[in-house]
file final_29.cif (mmCIF, N, CA and C atoms)
data_coords
#
loop_
_atom_site.label_atom_id
_atom_site.label_comp_id
_atom_site.auth_asym_id
_atom_site.auth_seq_id
_atom_site.Cartn_x
_atom_site.Cartn_y
_atom_site.Cartn_z
N MET A 1 118.62 84.31 130.76
CA MET A 1 117.42 83.95 130.02
C MET A 1 116.31 84.96 130.24
N GLY A 2 116.18 85.46 131.46
CA GLY A 2 115.14 86.43 131.77
C GLY A 2 115.36 87.75 131.04
N LEU A 3 116.62 88.12 130.86
CA LEU A 3 116.93 89.35 130.16
C LEU A 3 116.51 89.26 128.69
N ALA A 4 116.76 88.12 128.08
CA ALA A 4 116.37 87.94 126.68
C ALA A 4 114.86 87.95 126.52
N LYS A 5 114.14 87.33 127.45
CA LYS A 5 112.68 87.33 127.38
C LYS A 5 112.12 88.73 127.51
N ASN A 6 112.67 89.50 128.44
CA ASN A 6 112.20 90.87 128.62
C ASN A 6 112.51 91.72 127.39
N PHE A 7 113.66 91.48 126.80
CA PHE A 7 114.03 92.22 125.59
C PHE A 7 113.07 91.90 124.45
N MET A 8 112.74 90.63 124.27
CA MET A 8 111.82 90.24 123.21
C MET A 8 110.42 90.80 123.46
N LYS A 9 110.02 90.85 124.73
CA LYS A 9 108.73 91.42 125.08
C LYS A 9 108.70 92.91 124.74
N ASP A 10 109.79 93.60 125.02
CA ASP A 10 109.87 95.02 124.68
C ASP A 10 109.83 95.23 123.17
N LEU A 11 110.48 94.34 122.41
CA LEU A 11 110.47 94.47 120.96
C LEU A 11 109.08 94.22 120.40
N ARG A 12 108.32 93.28 120.99
CA ARG A 12 106.96 93.02 120.52
C ARG A 12 106.06 94.21 120.77
N SER A 13 106.30 94.95 121.83
CA SER A 13 105.47 96.11 122.11
C SER A 13 105.71 97.24 121.10
N LEU A 14 106.83 97.20 120.41
CA LEU A 14 107.11 98.21 119.39
C LEU A 14 106.22 98.08 118.16
N THR A 15 105.57 96.94 117.99
CA THR A 15 104.70 96.77 116.83
C THR A 15 103.51 97.72 116.86
N SER A 16 103.20 98.26 118.02
CA SER A 16 102.11 99.24 118.09
C SER A 16 102.49 100.55 117.40
N LEU A 17 103.76 100.74 117.12
CA LEU A 17 104.22 101.95 116.43
C LEU A 17 104.23 101.81 114.91
N TYR A 18 103.71 100.71 114.40
CA TYR A 18 103.69 100.45 112.96
C TYR A 18 102.97 101.55 112.18
N PRO A 19 101.79 102.01 112.59
CA PRO A 19 101.14 103.11 111.84
C PRO A 19 101.97 104.40 111.84
N VAL A 20 102.64 104.68 112.92
CA VAL A 20 103.49 105.87 113.00
C VAL A 20 104.65 105.73 112.01
N ALA A 21 105.22 104.54 111.92
CA ALA A 21 106.33 104.31 110.99
C ALA A 21 105.88 104.50 109.53
N LYS A 22 104.67 104.05 109.22
CA LYS A 22 104.16 104.24 107.85
C LYS A 22 103.97 105.71 107.54
N TRP A 23 103.49 106.48 108.50
CA TRP A 23 103.31 107.91 108.26
C TRP A 23 104.66 108.61 108.15
N ILE A 24 105.63 108.17 108.91
CA ILE A 24 106.97 108.76 108.79
C ILE A 24 107.53 108.51 107.40
N MET A 25 107.31 107.31 106.85
CA MET A 25 107.78 107.02 105.50
C MET A 25 107.05 107.88 104.47
N ARG A 26 105.74 108.06 104.63
CA ARG A 26 104.98 108.91 103.71
C ARG A 26 105.52 110.34 103.73
N ILE A 27 105.73 110.85 104.93
CA ILE A 27 106.22 112.22 105.07
C ILE A 27 107.63 112.34 104.51
N PHE A 28 108.47 111.31 104.73
CA PHE A 28 109.83 111.33 104.19
C PHE A 28 109.81 111.39 102.68
N VAL A 29 108.97 110.60 102.04
CA VAL A 29 108.90 110.62 100.58
C VAL A 29 108.47 112.00 100.09
N PHE A 30 107.48 112.58 100.73
CA PHE A 30 107.00 113.89 100.32
C PHE A 30 108.08 114.96 100.49
N VAL A 31 108.77 114.95 101.63
CA VAL A 31 109.82 115.94 101.88
C VAL A 31 111.00 115.73 100.93
N TYR A 32 111.38 114.49 100.69
CA TYR A 32 112.47 114.19 99.75
C TYR A 32 112.15 114.75 98.37
N VAL A 33 110.94 114.51 97.90
CA VAL A 33 110.55 114.98 96.58
C VAL A 33 110.52 116.50 96.54
N LEU A 34 110.03 117.12 97.60
CA LEU A 34 110.00 118.59 97.63
C LEU A 34 111.41 119.19 97.63
N VAL A 35 112.32 118.54 98.34
CA VAL A 35 113.69 119.07 98.40
C VAL A 35 114.40 118.93 97.06
N TYR A 36 114.29 117.76 96.42
CA TYR A 36 115.03 117.54 95.18
C TYR A 36 114.33 118.06 93.94
N TYR A 37 112.99 117.99 93.91
CA TYR A 37 112.28 118.35 92.68
C TYR A 37 111.40 119.59 92.82
N GLY A 38 111.29 120.12 94.03
CA GLY A 38 110.49 121.32 94.25
C GLY A 38 110.96 122.54 93.47
N PRO A 39 112.28 122.85 93.48
CA PRO A 39 112.73 124.02 92.71
C PRO A 39 112.46 123.90 91.21
N ARG A 40 112.59 122.71 90.66
CA ARG A 40 112.29 122.53 89.23
C ARG A 40 110.79 122.67 88.98
N PHE A 41 109.99 122.21 89.95
CA PHE A 41 108.55 122.30 89.81
C PHE A 41 108.07 123.75 89.90
N LEU A 42 108.71 124.55 90.73
CA LEU A 42 108.29 125.93 90.93
C LEU A 42 108.75 126.87 89.81
N GLU A 43 109.69 126.43 88.99
CA GLU A 43 110.14 127.21 87.85
C GLU A 43 109.71 126.50 86.57
N PRO A 44 108.48 126.76 86.14
CA PRO A 44 107.96 126.04 84.97
C PRO A 44 108.74 126.37 83.69
N SER A 45 109.14 125.34 83.01
CA SER A 45 109.81 125.47 81.73
C SER A 45 109.30 124.34 80.85
N LEU A 46 108.43 124.67 79.93
CA LEU A 46 107.80 123.65 79.09
C LEU A 46 108.75 123.02 78.10
N THR A 47 109.97 123.52 78.00
CA THR A 47 110.95 122.95 77.08
C THR A 47 111.88 121.97 77.79
N SER A 48 111.77 121.85 79.10
CA SER A 48 112.67 120.99 79.87
C SER A 48 111.96 119.71 80.29
N GLU A 49 112.60 118.60 80.03
CA GLU A 49 112.02 117.32 80.47
C GLU A 49 112.12 117.16 81.99
N TYR A 50 113.04 117.87 82.62
CA TYR A 50 113.16 117.80 84.08
C TYR A 50 111.95 118.43 84.77
N PHE A 51 111.35 119.44 84.14
CA PHE A 51 110.15 120.04 84.70
C PHE A 51 109.01 119.04 84.69
N PHE A 52 108.85 118.30 83.59
CA PHE A 52 107.78 117.30 83.52
C PHE A 52 108.03 116.14 84.48
N LEU A 53 109.28 115.78 84.63
CA LEU A 53 109.63 114.75 85.61
C LEU A 53 109.33 115.23 87.03
N ALA A 54 109.60 116.50 87.30
CA ALA A 54 109.30 117.07 88.61
C ALA A 54 107.79 117.08 88.87
N ILE A 55 107.00 117.33 87.83
CA ILE A 55 105.54 117.27 87.98
C ILE A 55 105.10 115.88 88.40
N VAL A 56 105.66 114.87 87.74
CA VAL A 56 105.30 113.48 88.06
C VAL A 56 105.69 113.16 89.51
N TYR A 57 106.89 113.52 89.91
CA TYR A 57 107.34 113.24 91.27
C TYR A 57 106.50 113.97 92.32
N VAL A 58 106.27 115.25 92.12
CA VAL A 58 105.56 116.04 93.13
C VAL A 58 104.12 115.57 93.27
N PHE A 59 103.43 115.37 92.17
CA PHE A 59 102.03 114.95 92.28
C PHE A 59 101.89 113.52 92.80
N SER A 60 102.77 112.63 92.43
CA SER A 60 102.67 111.27 92.97
C SER A 60 103.04 111.24 94.45
N ALA A 61 103.98 112.06 94.89
CA ALA A 61 104.30 112.13 96.31
C ALA A 61 103.14 112.74 97.10
N LEU A 62 102.48 113.72 96.51
CA LEU A 62 101.31 114.31 97.16
C LEU A 62 100.18 113.29 97.26
N LEU A 63 99.96 112.53 96.20
CA LEU A 63 98.93 111.48 96.24
C LEU A 63 99.28 110.39 97.24
N LEU A 64 100.56 110.08 97.37
CA LEU A 64 101.00 109.09 98.36
C LEU A 64 100.69 109.58 99.77
N LEU A 65 100.90 110.85 100.01
CA LEU A 65 100.60 111.42 101.32
C LEU A 65 99.09 111.47 101.57
N ILE A 66 98.33 111.90 100.58
CA ILE A 66 96.88 111.98 100.73
C ILE A 66 96.27 110.58 100.85
N GLY A 67 96.87 109.59 100.20
CA GLY A 67 96.36 108.22 100.25
C GLY A 67 96.34 107.63 101.64
N GLY A 68 97.12 108.16 102.55
CA GLY A 68 97.12 107.67 103.92
C GLY A 68 95.84 107.98 104.67
N PHE A 69 95.08 108.95 104.19
CA PHE A 69 93.84 109.32 104.86
C PHE A 69 92.65 108.50 104.38
N GLY A 70 92.81 107.76 103.30
CA GLY A 70 91.70 107.01 102.72
C GLY A 70 91.38 105.72 103.46
N GLN A 71 90.19 105.19 103.18
CA GLN A 71 89.77 103.93 103.78
C GLN A 71 90.53 102.74 103.19
N ASN A 72 90.75 102.77 101.89
CA ASN A 72 91.51 101.69 101.27
C ASN A 72 92.82 102.24 100.74
N SER A 73 93.63 101.40 100.19
CA SER A 73 94.97 101.82 99.79
C SER A 73 95.12 102.00 98.28
N ASN A 74 94.01 102.18 97.58
CA ASN A 74 94.10 102.30 96.12
C ASN A 74 94.87 103.53 95.68
N LEU A 75 94.61 104.67 96.27
CA LEU A 75 95.30 105.90 95.89
C LEU A 75 96.79 105.80 96.18
N THR A 76 97.12 105.22 97.32
CA THR A 76 98.53 105.03 97.68
C THR A 76 99.23 104.12 96.68
N ARG A 77 98.57 103.05 96.29
CA ARG A 77 99.19 102.10 95.38
C ARG A 77 99.34 102.68 93.97
N ILE A 78 98.36 103.47 93.53
CA ILE A 78 98.46 104.11 92.21
C ILE A 78 99.60 105.11 92.21
N ALA A 79 99.69 105.92 93.25
CA ALA A 79 100.78 106.90 93.35
C ALA A 79 102.14 106.20 93.42
N ALA A 80 102.22 105.11 94.17
CA ALA A 80 103.47 104.36 94.26
C ALA A 80 103.83 103.73 92.91
N PHE A 81 102.83 103.28 92.17
CA PHE A 81 103.06 102.70 90.84
C PHE A 81 103.64 103.73 89.89
N ILE A 82 103.07 104.93 89.90
CA ILE A 82 103.57 106.00 89.03
C ILE A 82 105.00 106.38 89.43
N MET A 83 105.21 106.54 90.72
CA MET A 83 106.54 106.94 91.19
C MET A 83 107.57 105.83 90.96
N PHE A 84 107.15 104.58 91.05
CA PHE A 84 108.04 103.45 90.80
C PHE A 84 108.62 103.53 89.40
N PHE A 85 107.78 103.74 88.39
CA PHE A 85 108.28 103.81 87.03
C PHE A 85 109.10 105.07 86.77
N ALA A 86 108.76 106.16 87.44
CA ALA A 86 109.57 107.37 87.29
C ALA A 86 110.97 107.16 87.87
N ILE A 87 111.05 106.52 89.02
CA ILE A 87 112.36 106.29 89.66
C ILE A 87 113.17 105.29 88.85
N ILE A 88 112.53 104.22 88.38
CA ILE A 88 113.24 103.22 87.58
C ILE A 88 113.81 103.87 86.32
N SER A 89 113.02 104.69 85.64
CA SER A 89 113.53 105.34 84.43
C SER A 89 114.66 106.31 84.75
N HIS A 90 114.53 106.98 85.88
CA HIS A 90 115.59 107.90 86.31
C HIS A 90 116.88 107.14 86.63
N LEU A 91 116.76 106.02 87.30
CA LEU A 91 117.94 105.21 87.64
C LEU A 91 118.60 104.63 86.40
N ILE A 92 117.79 104.16 85.46
CA ILE A 92 118.35 103.61 84.22
C ILE A 92 119.09 104.69 83.44
N ALA A 93 118.50 105.87 83.38
CA ALA A 93 119.16 106.98 82.68
C ALA A 93 120.46 107.36 83.37
N ALA A 94 120.46 107.34 84.71
CA ALA A 94 121.68 107.70 85.44
C ALA A 94 122.80 106.69 85.17
N LEU A 95 122.44 105.42 85.08
CA LEU A 95 123.47 104.40 84.85
C LEU A 95 123.91 104.32 83.40
N ILE A 96 122.96 104.25 82.49
CA ILE A 96 123.30 104.00 81.09
C ILE A 96 123.77 105.27 80.38
N VAL A 97 123.04 106.35 80.55
CA VAL A 97 123.37 107.56 79.79
C VAL A 97 124.50 108.34 80.45
N PHE A 98 124.36 108.58 81.76
CA PHE A 98 125.32 109.46 82.44
C PHE A 98 126.43 108.70 83.17
N HIS A 99 126.33 107.40 83.30
CA HIS A 99 127.32 106.56 83.98
C HIS A 99 127.61 107.08 85.39
N LYS A 100 126.56 107.44 86.11
CA LYS A 100 126.73 107.98 87.46
C LYS A 100 126.25 106.97 88.49
N PHE A 101 127.08 106.78 89.47
CA PHE A 101 126.74 105.95 90.63
C PHE A 101 127.23 106.74 91.84
N ASP A 102 126.42 107.70 92.25
CA ASP A 102 126.82 108.61 93.33
C ASP A 102 125.80 108.58 94.46
N GLU A 103 125.89 109.57 95.37
CA GLU A 103 124.98 109.58 96.52
C GLU A 103 123.54 109.87 96.11
N LEU A 104 123.33 110.61 95.04
CA LEU A 104 121.97 110.83 94.56
C LEU A 104 121.37 109.53 94.04
N PHE A 105 122.19 108.72 93.39
CA PHE A 105 121.74 107.41 92.93
C PHE A 105 121.34 106.54 94.12
N ALA A 106 122.16 106.56 95.16
CA ALA A 106 121.86 105.77 96.36
C ALA A 106 120.59 106.27 97.06
N SER A 107 120.41 107.58 97.09
CA SER A 107 119.19 108.10 97.73
C SER A 107 117.95 107.75 96.91
N ARG A 108 118.08 107.68 95.60
CA ARG A 108 116.95 107.23 94.78
C ARG A 108 116.66 105.75 95.00
N LEU A 109 117.70 104.96 95.27
CA LEU A 109 117.46 103.55 95.60
C LEU A 109 116.70 103.42 96.92
N LEU A 110 117.03 104.25 97.88
CA LEU A 110 116.30 104.25 99.14
C LEU A 110 114.85 104.66 98.92
N LEU A 111 114.64 105.69 98.12
CA LEU A 111 113.28 106.11 97.78
C LEU A 111 112.54 105.00 97.05
N LEU A 112 113.23 104.31 96.16
CA LEU A 112 112.61 103.20 95.43
C LEU A 112 112.17 102.10 96.38
N SER A 113 112.97 101.79 97.38
CA SER A 113 112.59 100.72 98.32
C SER A 113 111.36 101.11 99.12
N ILE A 114 111.23 102.37 99.50
CA ILE A 114 110.05 102.81 100.22
C ILE A 114 108.83 102.79 99.31
N VAL A 115 109.00 103.20 98.06
CA VAL A 115 107.89 103.18 97.11
C VAL A 115 107.44 101.74 96.83
N ILE A 116 108.38 100.82 96.75
CA ILE A 116 108.01 99.41 96.56
C ILE A 116 107.22 98.90 97.76
N TYR A 117 107.58 99.34 98.95
CA TYR A 117 106.81 98.96 100.13
C TYR A 117 105.36 99.42 99.99
N PHE A 118 105.16 100.68 99.63
CA PHE A 118 103.79 101.19 99.49
C PHE A 118 103.07 100.57 98.31
N LEU A 119 103.80 100.19 97.30
CA LEU A 119 103.19 99.54 96.14
C LEU A 119 102.67 98.15 96.50
N THR A 120 103.38 97.45 97.35
CA THR A 120 103.00 96.08 97.67
C THR A 120 102.16 95.94 98.93
N SER A 121 102.10 96.97 99.76
CA SER A 121 101.31 96.86 100.99
C SER A 121 99.88 97.29 100.72
N SER A 122 99.01 96.77 101.54
CA SER A 122 97.60 97.09 101.40
C SER A 122 96.98 97.14 102.78
N LYS A 123 96.06 98.06 103.00
CA LYS A 123 95.37 98.13 104.29
C LYS A 123 94.50 96.89 104.50
N ARG A 124 94.13 96.24 103.43
CA ARG A 124 93.27 95.07 103.52
C ARG A 124 93.98 93.90 104.20
N PHE A 125 95.30 93.81 104.07
CA PHE A 125 96.03 92.67 104.59
C PHE A 125 96.64 92.91 105.96
N GLU A 126 96.36 94.06 106.56
CA GLU A 126 96.89 94.31 107.90
C GLU A 126 96.18 93.42 108.90
N ARG A 127 96.77 93.23 110.04
CA ARG A 127 96.27 92.34 111.05
C ARG A 127 94.86 92.76 111.49
N PRO A 128 93.88 91.84 111.40
CA PRO A 128 92.52 92.19 111.82
C PRO A 128 92.42 92.34 113.33
N LYS A 129 91.52 93.22 113.75
CA LYS A 129 91.32 93.44 115.17
C LYS A 129 90.24 92.50 115.67
N LYS A 130 90.43 92.01 116.89
CA LYS A 130 89.42 91.13 117.46
C LYS A 130 88.24 91.96 117.93
N SER A 131 87.06 91.35 117.81
CA SER A 131 85.88 92.06 118.26
C SER A 131 85.78 91.99 119.78
N SER A 132 84.88 92.77 120.32
CA SER A 132 84.74 92.81 121.77
C SER A 132 83.82 91.71 122.30
N SER A 133 83.37 90.83 121.42
CA SER A 133 82.48 89.77 121.88
C SER A 133 83.26 88.75 122.71
N ALA A 134 82.53 87.99 123.48
CA ALA A 134 83.16 87.05 124.41
C ALA A 134 83.79 85.87 123.69
N ASP A 135 83.28 85.52 122.51
CA ASP A 135 83.83 84.34 121.83
C ASP A 135 85.14 84.63 121.12
N GLY A 136 85.52 85.91 120.95
CA GLY A 136 86.81 86.24 120.37
C GLY A 136 86.86 86.12 118.87
N LEU A 137 85.72 86.03 118.21
CA LEU A 137 85.70 85.95 116.75
C LEU A 137 85.92 87.33 116.15
N PHE A 138 86.28 87.32 114.87
CA PHE A 138 86.47 88.59 114.18
C PHE A 138 85.13 89.22 113.85
N ASP A 139 85.14 90.50 113.69
CA ASP A 139 83.95 91.22 113.28
C ASP A 139 83.62 90.82 111.85
N GLU A 140 82.34 90.78 111.51
CA GLU A 140 81.91 90.34 110.18
C GLU A 140 82.50 91.23 109.09
N ARG A 141 82.56 92.53 109.32
CA ARG A 141 83.11 93.48 108.35
C ARG A 141 84.58 93.20 108.09
N GLU A 142 85.32 92.86 109.13
CA GLU A 142 86.76 92.61 108.99
C GLU A 142 87.05 91.32 108.27
N THR A 143 86.20 90.30 108.43
CA THR A 143 86.43 89.04 107.72
C THR A 143 86.15 89.19 106.24
N LYS A 144 85.24 90.08 105.86
CA LYS A 144 85.01 90.32 104.43
C LYS A 144 86.26 90.89 103.78
N ASP A 145 86.95 91.80 104.47
CA ASP A 145 88.17 92.37 103.92
C ASP A 145 89.26 91.34 103.74
N ILE A 146 89.34 90.39 104.67
CA ILE A 146 90.39 89.37 104.61
C ILE A 146 90.10 88.41 103.46
N GLU A 147 88.82 88.04 103.27
CA GLU A 147 88.46 87.07 102.23
C GLU A 147 88.56 87.66 100.84
N ALA A 148 88.38 88.97 100.70
CA ALA A 148 88.35 89.60 99.37
C ALA A 148 89.70 89.56 98.69
#
call {"tool": "encode", "arguments": {"input": "final_29.cif", "output": "structure tokens"}}
result
Amino acid sequence: MGLAKNFMKDLRSLTSLYPVAKWIMRIFVFVYVLVYYGPRFLEPSLTSEYFFLAIVYVFSALLLLIGGFGQNSNLTRIAAFIMFFAIISHLIAALIVFHKFDELFASRLLLLSIVIYFLTSSKRFERPKKSSSADGLFDERETKDIEA
């Protein structure tokens, strides 16, 4: 019983790594987009729809990365919304038009799940910090964010 309690205590302490995990996901999305769509983005061809799709992916991934530095999560959510529709359209085209269900399709599903996370998460709903006052109440500024 003591071993299980210590294990659960260790797992609870991992929650302090939550911000690091979010940044790792942001960086992963940006690197993924640069690896798959960077070459198309760097070779502009106004006659290719893949170039325009690469523009959408690269700029939305860049906005997703930049959105992590903001006070609120609006930029992150807008970028995730744009990327969500780009990925959905890409997946539909892969299934219906090209009849492909390969590793690239699976990697886009993984990217889609991360984008859905950023689309639905908000800095406003993260766990509020307790103030340093003796009564243990929340800071007035933090309660406004929770109520909004």
call {"tool": "closest_residue", "arguments": {"input": "final_29.cif", "among": "A:Val35, A:Leu109, A:Arg26, A:Asp102", "to": "Phe69 in chain A", "atoms": "only C-alpha atoms"}}
result
A:Arg26
call {"tool": "resolve_selection", "arguments": {"input": "final_29.cif", "expression": "the PyMOL selection byres (((chain A and resi 10-24 and name CA) around 12) and name CA)", "output": "compact mmCIF listing (two decimals) with N, CA and C atoms, in the coordinates of the input"}}
result
# COMPACT_ATOMS: atom_id res chain seq x y z
N LEU A 3 116.62 88.12 130.86
CA LEU A 3 116.93 89.35 130.16
C LEU A 3 116.51 89.26 128.69
N ALA A 4 116.76 88.12 128.08
CA ALA A 4 116.37 87.94 126.68
C ALA A 4 114.86 87.95 126.52
N LYS A 5 114.14 87.33 127.45
CA LYS A 5 112.68 87.33 127.38
C LYS A 5 112.12 88.73 127.51
N ASN A 6 112.67 89.50 128.44
CA ASN A 6 112.20 90.87 128.62
C ASN A 6 112.51 91.72 127.39
N PHE A 7 113.66 91.48 126.80
CA PHE A 7 114.03 92.22 125.59
C PHE A 7 113.07 91.90 124.45
N MET A 8 112.74 90.63 124.27
CA MET A 8 111.82 90.24 123.21
C MET A 8 110.42 90.80 123.46
N LYS A 9 110.02 90.85 124.73
CA LYS A 9 108.73 91.42 125.08
C LYS A 9 108.70 92.91 124.74
N MET A 25 107.31 107.31 106.85
CA MET A 25 107.78 107.02 105.50
C MET A 25 107.05 107.88 104.47
N ARG A 26 105.74 108.06 104.63
CA ARG A 26 104.98 108.91 103.71
C ARG A 26 105.52 110.34 103.73
N ILE A 27 105.73 110.85 104.93
CA ILE A 27 106.22 112.22 105.07
C ILE A 27 107.63 112.34 104.51
N PHE A 28 108.47 111.31 104.73
CA PHE A 28 109.83 111.33 104.19
C PHE A 28 109.81 111.39 102.68
N VAL A 29 108.97 110.60 102.04
CA VAL A 29 108.90 110.62 100.58
C VAL A 29 108.47 112.00 100.09
N PHE A 30 107.48 112.58 100.73
CA PHE A 30 107.00 113.89 100.32
C PHE A 30 108.08 114.96 100.49
N VAL A 31 108.77 114.95 101.63
CA VAL A 31 109.82 115.94 101.88
C VAL A 31 111.00 115.73 100.93
N TYR A 32 111.38 114.49 100.69
CA TYR A 32 112.47 114.19 99.75
C TYR A 32 112.15 114.75 98.37
N LEU A 64 100.56 110.08 97.37
CA LEU A 64 101.00 109.09 98.36
C LEU A 64 100.69 109.58 99.77
N LEU A 65 100.90 110.85 100.01
CA LEU A 65 100.60 111.42 101.32
C LEU A 65 99.09 111.47 101.57
N ILE A 66 98.33 111.90 100.58
CA ILE A 66 96.88 111.98 100.73
C ILE A 66 96.27 110.58 100.85
N GLY A 67 96.87 109.59 100.20
CA GLY A 67 96.36 108.22 100.25
C GLY A 67 96.34 107.63 101.64
N GLY A 68 97.12 108.16 102.55
CA GLY A 68 97.12 107.67 103.92
C GLY A 68 95.84 107.98 104.67
N PHE A 69 95.08 108.95 104.19
CA PHE A 69 93.84 109.32 104.86
C PHE A 69 92.65 108.50 104.38
N THR A 76 97.12 105.22 97.32
CA THR A 76 98.53 105.03 97.68
C THR A 76 99.23 104.12 96.68
N ILE A 114 111.23 102.37 99.50
CA ILE A 114 110.05 102.81 100.22
C ILE A 114 108.83 102.79 99.31
N VAL A 115 109.00 103.20 98.06
CA VAL A 115 107.89 103.18 97.11
C VAL A 115 107.44 101.74 96.83
N TYR A 117 107.58 99.34 98.95
CA TYR A 117 106.81 98.96 100.13
C TYR A 117 105.36 99.42 99.99
N PHE A 118 105.16 100.68 99.63
CA PHE A 118 103.79 101.19 99.49
C PHE A 118 103.07 100.57 98.31
N SER A 121 102.10 96.97 99.76
CA SER A 121 101.31 96.86 100.99
C SER A 121 99.88 97.29 100.72
N SER A 122 99.01 96.77 101.54
CA SER A 122 97.60 97.09 101.40
C SER A 122 96.98 97.14 102.78
N LYS A 123 96.06 98.06 103.00
CA LYS A 123 95.37 98.13 104.29
C LYS A 123 94.50 96.89 104.50
N GLU A 126 96.36 94.06 106.56
CA GLU A 126 96.89 94.31 107.90
C GLU A 126 96.18 93.42 108.90
N ARG A 127 96.77 93.23 110.04
CA ARG A 127 96.27 92.34 111.05
C ARG A 127 94.86 92.76 111.49
call {"tool": "axis_aligned_box", "arguments": {"input": "final_29.cif", "around": "range 78-81 of chain A", "padding_each_side": "8 Å", "output": "AutoDock Vina command-line options"}}
result
--center_x 101.1 --center_y 104.8 --center_z 92.1 --size_x 21.5 --size_y 20.2 --size_z 20.4
call {"tool": "atom_distance", "arguments": {"input": "final_29.cif", "atom1": "atom C of Phe84 in chain A", "atom2": "atom C of Leu112 in chain A"}}
result
8.0 Å
call {"tool": "resolve_selection", "arguments": {"input": "final_29.cif", "expression": "the PyMOL selection byres ((chain A and resi 37) around 8)", "output": "list in words"}}
result
Val31, Tyr32, Val33, Leu34, Val35, Tyr36, Gly38, Pro39, Arg40, Phe41, Leu42, Tyr50, Leu53, Ala54, Ile55, Tyr57 and Val58 of chain A
call {"tool": "closest_residue", "arguments": {"input": "final_29.cif", "among": "A:Leu46, A:Ile116, A:Phe105, A:Phe98", "to": "Ile82 in chain A", "atoms": "only C-alpha atoms"}}
result
A:Ile116
call {"tool": "resolve_selection", "arguments": {"input": "final_29.cif", "expression": "the PyMOL selection byres ((chain A and resi 79) around 7)", "output": "PyMOL selection string"}}
result
chain A and resi 59-61+63-64+74-78+80-84
call {"tool": "build_atoms", "arguments": {"input": "final_29.cif", "residues": "range 87-92 of chain A", "atoms": "all heavy atoms", "output": "PDB file, keeping the file's coordinate frame"}}
result
ATOM      1  N   ILE A  87     111.050 106.520  89.020  1.00  0.00           N
ATOM      2  CA  ILE A  87     112.360 106.290  89.660  1.00  0.00           C
ATOM      3  C   ILE A  87     113.170 105.290  88.850  1.00  0.00           C
ATOM      4  O   ILE A  87     114.384 105.484  88.643  1.00  0.00           O
ATOM      5  CB  ILE A  87     112.182 105.809  91.111  1.00  0.00           C
ATOM      6  CG1 ILE A  87     111.548 106.909  91.957  1.00  0.00           C
ATOM      7  CG2 ILE A  87     113.515 105.396  91.715  1.00  0.00           C
ATOM      8  CD1 ILE A  87     111.117 106.437  93.323  1.00  0.00           C
ATOM      9  N   ILE A  88     112.530 104.220  88.380  1.00  0.00           N
ATOM     10  CA  ILE A  88     113.240 103.220  87.580  1.00  0.00           C
ATOM     11  C   ILE A  88     113.810 103.870  86.320  1.00  0.00           C
ATOM     12  O   ILE A  88     114.975 103.637  85.959  1.00  0.00           O
ATOM     13  CB  ILE A  88     112.309 102.038  87.226  1.00  0.00           C
ATOM     14  CG1 ILE A  88     112.012 101.206  88.469  1.00  0.00           C
ATOM     15  CG2 ILE A  88     112.893 101.163  86.128  1.00  0.00           C
ATOM     16  CD1 ILE A  88     113.206 100.452  89.029  1.00  0.00           C
ATOM     17  N   SER A  89     113.020 104.690  85.640  1.00  0.00           N
ATOM     18  CA  SER A  89     113.530 105.340  84.430  1.00  0.00           C
ATOM     19  C   SER A  89     114.660 106.310  84.750  1.00  0.00           C
ATOM     20  O   SER A  89     115.631 106.416  83.999  1.00  0.00           O
ATOM     21  CB  SER A  89     112.400 106.060  83.697  1.00  0.00           C
ATOM     22  OG  SER A  89     111.886 107.102  84.493  1.00  0.00           O
ATOM     23  N   HIS A  90     114.530 106.980  85.880  1.00  0.00           N
ATOM     24  CA  HIS A  90     115.590 107.900  86.310  1.00  0.00           C
ATOM     25  C   HIS A  90     116.880 107.140  86.630  1.00  0.00           C
ATOM     26  O   HIS A  90     117.987 107.581  86.280  1.00  0.00           O
ATOM     27  CB  HIS A  90     115.111 108.665  87.530  1.00  0.00           C
ATOM     28  CG  HIS A  90     115.487 110.093  87.538  1.00  0.00           C
ATOM     29  ND1 HIS A  90     114.808 111.018  88.255  1.00  0.00           N
ATOM     30  CD2 HIS A  90     116.481 110.774  86.931  1.00  0.00           C
ATOM     31  CE1 HIS A  90     115.345 112.192  88.099  1.00  0.00           C
ATOM     32  NE2 HIS A  90     116.372 112.066  87.292  1.00  0.00           N
ATOM     33  N   LEU A  91     116.760 106.020  87.300  1.00  0.00           N
ATOM     34  CA  LEU A  91     117.940 105.210  87.640  1.00  0.00           C
ATOM     35  C   LEU A  91     118.600 104.630  86.400  1.00  0.00           C
ATOM     36  O   LEU A  91     119.837 104.595  86.297  1.00  0.00           O
ATOM     37  CB  LEU A  91     117.563 104.099  88.617  1.00  0.00           C
ATOM     38  CG  LEU A  91     117.216 104.524  90.035  1.00  0.00           C
ATOM     39  CD1 LEU A  91     116.721 103.337  90.844  1.00  0.00           C
ATOM     40  CD2 LEU A  91     118.407 105.163  90.707  1.00  0.00           C
ATOM     41  N   ILE A  92     117.790 104.160  85.460  1.00  0.00           N
ATOM     42  CA  ILE A  92     118.350 103.610  84.220  1.00  0.00           C
ATOM     43  C   ILE A  92     119.090 104.690  83.440  1.00  0.00           C
ATOM     44  O   ILE A  92     120.186 104.461  82.921  1.00  0.00           O
ATOM     45  CB  ILE A  92     117.235 102.950  83.379  1.00  0.00           C
ATOM     46  CG1 ILE A  92     116.764 101.662  84.067  1.00  0.00           C
ATOM     47  CG2 ILE A  92     117.706 102.661  81.960  1.00  0.00           C
ATOM     48  CD1 ILE A  92     115.546 101.037  83.440  1.00  0.00           C
TER      49      ILE A  92
END
